[in-house]
Every structure is written in structure tokens, then in C-alpha cells.
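Here the structure is laid out as C-alpha cells; the discussion comes afterwards.
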Amino acid sequence: MSAVHHRTVAVGDLEVFYRESGSSDAPVLLLLHGYPTSSHMFRHLIPALADRYRVVAPDHIGFGRSSAPSADDFDYTFESLTKVTRTFLAKLGITRYTVYVQDYGAPIAWRLALAEPESVEAVISQNGNAYEEGFVPAFWEPIWNYGADRSVENEEALRPALGREAVEWQYKHGVADVTAIDPDSWEHDLALLGRPGVDRAQLNLFADYTTNRRLYPAVHDWLRTTRIPVLAVWGKNDEIFGPAGAEAFRNDVPDARVELMNGGHFLLESHLDDVVRIIDEWRSETPEIGKVLQ
């Protein structure tokens, strides 16, 4: 497999860590991770796709090995994370890319697309939501409550989401054979979540998630008007973003390919080979990728 390089780039006073592999002149595949993980979630996917793409996977600010300033020194909102990502891409000279999103990576990608619609040539969503239908109410209720009222009571109801039981659950729920999931995955996340001040940063992002819902009508319009190729490859047992969120892409992109797989929120941990196969099939069957906005 291709070598994976581990690099950092300065964005103002911040350092953005990223993983990169593949030829510099290949089409770019931008991987945007979710909560509570980092580019670490793509550690096996990156070399598996590097013979077709220049694969680039940054850690968001406050996650992974990127800078994690205090909430007093950085505005932990999805808009701020997007601004850092836009500068990161500019620093790397990346102007066109297919975007692969999961969880938090989705609202960052939607903001990138709305700001520079000519930059995104295709979308791969792995449990990365863009529709109200995707929200599983039981999971999201405490987040909506906290976004509406950052009271002590609502914060205390949400704080368990930062702990071991909740993080481990994100990896295990919906998976037929949990012994196939590498426990280093959640241990890696927990170690980084445990850094001083990261709890407050994550709580601020929980509260800000309501702003992502407001973007959805504009995202749907972008999907419809650009006719951009979409692949939704989804763990159908996800109790955070349910399979209706994958199927909803067809509301705006009727020929979107939707693959519901017998996995959970972190599908790559259990179905890596299947995801790679589906991406290859979709790419070969979708010649308009790279030509949509030309």
C-alpha cells in the first residue's frame, strides 16, 4: 500500500495535523471526521484509496493531534471549524475535491460547498447527515435542549456524552460482532478528549449543532441545482443518524447511490473492505465526477 504521511500546517496561530497519501496530481479525496474521533478513524481507508486519489484527512481544531486551544481562546462553532478548513485547503493548494464526510464532517463540508460550490465535485457520506429525517430523537434531545438553554441542568444531562461509556457505545452499537472492533479506537479518542479544556470545547460544539439544521434548505438546493454525484454508504443500525438520513439524499439527488450496511456509526471499523469496494464501483459508474461543474 501507499505510504501515509503525517504532517502539520500552520493556520494562523493554530496547527492543523493531517494524514496524506497518494500522488500529488491525482484527484483529491478530502476526508472529514466526526465526533469524538479524528483522522485516526480513516487510518485504514487512506492507504486503501491512495492508488486512485490524493487522500487528505485533517484533524479539526480541538480534535486529534491538531491544536486544542481553550474555549476562551477559540470560538468552537462549526463556522469556525469550517474557516480553518478552508484556510487549510488553500495552504495545500487544493481547489477541487470529492468530500467524504462522517458525523461532524458533514456540516463542515456543507459550509465549504455553500461558500465555494465549484470546489466540491462529489459527495460520499458515511453517516453524515443533511436531513431532519436522519436525526434519531432519543439521542438528539439532550443536545437540542442544551442548544436552547445552556443551563447547569442541561449541561449535566449532556456531560455523560464525553465519558467512556458513551464513547465506547458509539463504536459498538449496531455492530453484529463487537470483537471485530479495535478497542484502541475508542481509547485513542478518550485520551484526547481527556485533555484539559477539551470538555468545554466539545460542549460548545454540542450547543452550536442547531445552526447546522438551519443550513439544510440551502444544502438541498445546492444538491438539486448542481446535480452533484452522491454516494451514501451508511451503517443502518446507527442510533445517532438513522438510515432515513441516507435515503433522504434521493429527495434532491434522485440517482444518488444509497448503500445501507449492517453496521453502526463507525462503519469503517467493521466494514472497511465493503466501503472501499462500493466507492470503487460508484466511481467507475459515475463518469461525471470531476465534470459536473466544469
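How things are named: the first chain in the C-alpha cells is A, the next is B, and so on; residues count from 1 in each chain; ligands count from 1 in the order shown.
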
Residues within 9 Å of range 86-90 of chain A, only C-alpha atoms, excluding chain neighbours under 4 positions, as a tab-separated table (two decimals) with N, CA, C and O atoms, in the first residue's frame:
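This is the output file selection_26.tsv:
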chain	number	residue	atom	x	y	z
A	9	VAL	N	0.27	21.77	9.31
A	9	VAL	CA	0.36	23.03	8.60
A	9	VAL	C	-0.17	24.11	9.53
A	9	VAL	O	-1.12	23.87	10.30
A	10	ALA	N	0.45	25.28	9.51
A	10	ALA	CA	0.02	26.38	10.36
A	10	ALA	C	-1.16	27.11	9.73
A	10	ALA	O	-1.13	27.45	8.54
A	11	VAL	N	-2.19	27.35	10.53
A	11	VAL	CA	-3.32	28.19	10.13
A	11	VAL	C	-3.41	29.28	11.19
A	11	VAL	O	-3.95	29.07	12.28
A	16	VAL	N	-2.70	22.53	12.26
A	16	VAL	CA	-3.63	21.51	11.80
A	16	VAL	C	-2.83	20.27	11.41
A	16	VAL	O	-1.98	20.33	10.51
A	58	PRO	N	-7.61	15.93	7.50
A	58	PRO	CA	-7.19	16.78	8.62
A	58	PRO	C	-7.92	16.44	9.91
A	58	PRO	O	-9.03	15.89	9.90
A	81	LEU	N	-14.73	26.10	12.64
A	81	LEU	CA	-14.02	24.92	12.14
A	81	LEU	C	-13.95	24.94	10.62
A	81	LEU	O	-12.95	24.54	10.02
A	82	THR	N	-15.02	25.41	9.98
A	82	THR	CA	-15.03	25.49	8.53
A	82	THR	C	-14.02	26.52	8.02
A	82	THR	O	-13.31	26.27	7.03
A	94	ILE	N	-5.38	23.09	-2.61
A	94	ILE	CA	-6.49	22.22	-3.03
A	94	ILE	C	-7.69	23.09	-3.36
A	94	ILE	O	-8.21	23.82	-2.49
A	95	THR	N	-8.14	23.02	-4.61
A	95	THR	CA	-9.29	23.82	-5.05
A	95	THR	C	-10.47	22.99	-5.52
A	95	THR	O	-11.58	23.49	-5.61
A	112	LEU	N	-18.48	24.39	3.45
A	112	LEU	CA	-17.48	24.55	2.39
A	112	LEU	C	-18.16	24.63	1.03
A	112	LEU	O	-17.82	25.48	0.19

Can you check which parts of range 94-185 of chain A lie within 9 Å of range 244-264 of chain A? Per residue, the shortest pair of atoms and distance in Å to one decimal, counting only C-alpha atoms, sorted by chain and number, as a Markdown table.
| residue | atom | partner | partner_atom | distance |
| --- | --- | --- | --- | --- |
| A:Ser125 | CA | A:Ala246 | CA | 8.0 |
| A:Gln126 | CA | A:Ala246 | CA | 8.5 |
| A:Asn127 | CA | A:Ala246 | CA | 7.3 |
| A:Gly128 | CA | A:Gly245 | CA | 8.2 |
| A:Asn129 | CA | A:Gly245 | CA | 6.0 |
| A:Ala130 | CA | A:Gly245 | CA | 7.0 |
| A:Tyr131 | CA | A:Gly245 | CA | 5.8 |
| A:Glu132 | CA | A:Gly245 | CA | 7.4 |
| A:Glu133 | CA | A:Gly245 | CA | 5.3 |
| A:Gly134 | CA | A:Gly245 | CA | 3.5 |
| A:Phe135 | CA | A:Gly245 | CA | 7.3 |
| A:Gln170 | CA | A:Gly264 | CA | 7.8 |
| A:Tyr171 | CA | A:Gly264 | CA | 7.2 |
| A:Lys172 | CA | A:Gly264 | CA | 7.3 |
| A:His173 | CA | A:Gly264 | CA | 5.9 |
| A:Gly174 | CA | A:Gly264 | CA | 4.4 |
| A:Val175 | CA | A:Gly263 | CA | 5.0 |
| A:Ala176 | CA | A:Gly263 | CA | 7.2 |

Polymer residues at most 7 Å from range 197-208 of chain A, only C-alpha atoms, same-chain spacing of 4 or more positions, as a PDB file with C-alpha atoms, in the first residue's frame:
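Writing done, so here's part.pdb:
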ATOM      1  CA  GLY A  62      -9.905  20.579  19.295  1.00  0.00           C
ATOM      2  CA  SER A  70      -9.227  26.730  25.288  1.00  0.00           C
ATOM      3  CA  ALA A  71     -12.787  27.810  24.633  1.00  0.00           C
ATOM      4  CA  TYR A  76     -15.768  26.450  18.988  1.00  0.00           C
ATOM      5  CA  THR A  77     -18.514  26.656  16.380  1.00  0.00           C
ATOM      6  CA  ILE A 143     -28.329  18.245  22.549  1.00  0.00           C
ATOM      7  CA  TYR A 146     -28.618  22.318  25.655  1.00  0.00           C
ATOM      8  CA  GLY A 147     -28.554  24.363  22.457  1.00  0.00           C
ATOM      9  CA  LEU A 193     -10.986  14.058  24.974  1.00  0.00           C
TER      10      LEU A 193
END

- Item | Shell of 10 Å around Ala113 in chain A, only C-alpha atoms, local chain residues under 6 positions omitted, as a list in words |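 Residues meeting the cut-off are Val99, Pro107, Ser119, Val120, Glu121, Val219, Trp222 and Leu223 of chain A.
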
Okay, now the selection with N, CA, C and O atoms, as a PDB file, in the first residue's frame?
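Dumped to selection_37.pdb:
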ATOM      1  N   VAL A  99     -15.556  15.064  -1.453  1.00  0.00           N
ATOM      2  CA  VAL A  99     -15.532  15.122   0.003  1.00  0.00           C
ATOM      3  C   VAL A  99     -16.208  13.888   0.572  1.00  0.00           C
ATOM      4  O   VAL A  99     -17.281  13.479   0.123  1.00  0.00           O
ATOM      5  N   PRO A 107     -21.555  18.802   8.417  1.00  0.00           N
ATOM      6  CA  PRO A 107     -21.866  20.231   8.408  1.00  0.00           C
ATOM      7  C   PRO A 107     -20.682  21.113   8.023  1.00  0.00           C
ATOM      8  O   PRO A 107     -20.883  22.217   7.498  1.00  0.00           O
ATOM      9  N   SER A 119     -15.984  24.053  -5.764  1.00  0.00           N
ATOM     10  CA  SER A 119     -14.851  23.281  -5.251  1.00  0.00           C
ATOM     11  C   SER A 119     -15.181  21.807  -5.054  1.00  0.00           C
ATOM     12  O   SER A 119     -14.290  20.955  -5.115  1.00  0.00           O
ATOM     13  N   VAL A 120     -16.435  21.486  -4.795  1.00  0.00           N
ATOM     14  CA  VAL A 120     -16.819  20.114  -4.471  1.00  0.00           C
ATOM     15  C   VAL A 120     -17.344  19.420  -5.724  1.00  0.00           C
ATOM     16  O   VAL A 120     -18.297  19.885  -6.343  1.00  0.00           O
ATOM     17  N   GLU A 121     -16.698  18.312  -6.104  1.00  0.00           N
ATOM     18  CA  GLU A 121     -17.095  17.623  -7.329  1.00  0.00           C
ATOM     19  C   GLU A 121     -17.936  16.374  -7.077  1.00  0.00           C
ATOM     20  O   GLU A 121     -18.571  15.872  -8.001  1.00  0.00           O
ATOM     21  N   VAL A 219     -28.465  23.575   1.580  1.00  0.00           N
ATOM     22  CA  VAL A 219     -27.733  22.383   1.149  1.00  0.00           C
ATOM     23  C   VAL A 219     -28.563  21.599   0.133  1.00  0.00           C
ATOM     24  O   VAL A 219     -28.048  21.150  -0.902  1.00  0.00           O
ATOM     25  N   TRP A 222     -28.464  23.278  -3.142  1.00  0.00           N
ATOM     26  CA  TRP A 222     -27.161  23.043  -3.797  1.00  0.00           C
ATOM     27  C   TRP A 222     -27.105  21.653  -4.416  1.00  0.00           C
ATOM     28  O   TRP A 222     -26.665  21.497  -5.566  1.00  0.00           O
ATOM     29  N   LEU A 223     -27.582  20.659  -3.706  1.00  0.00           N
ATOM     30  CA  LEU A 223     -27.586  19.303  -4.245  1.00  0.00           C
ATOM     31  C   LEU A 223     -28.445  19.213  -5.508  1.00  0.00           C
ATOM     32  O   LEU A 223     -28.043  18.608  -6.506  1.00  0.00           O
TER      33      LEU A 223
END
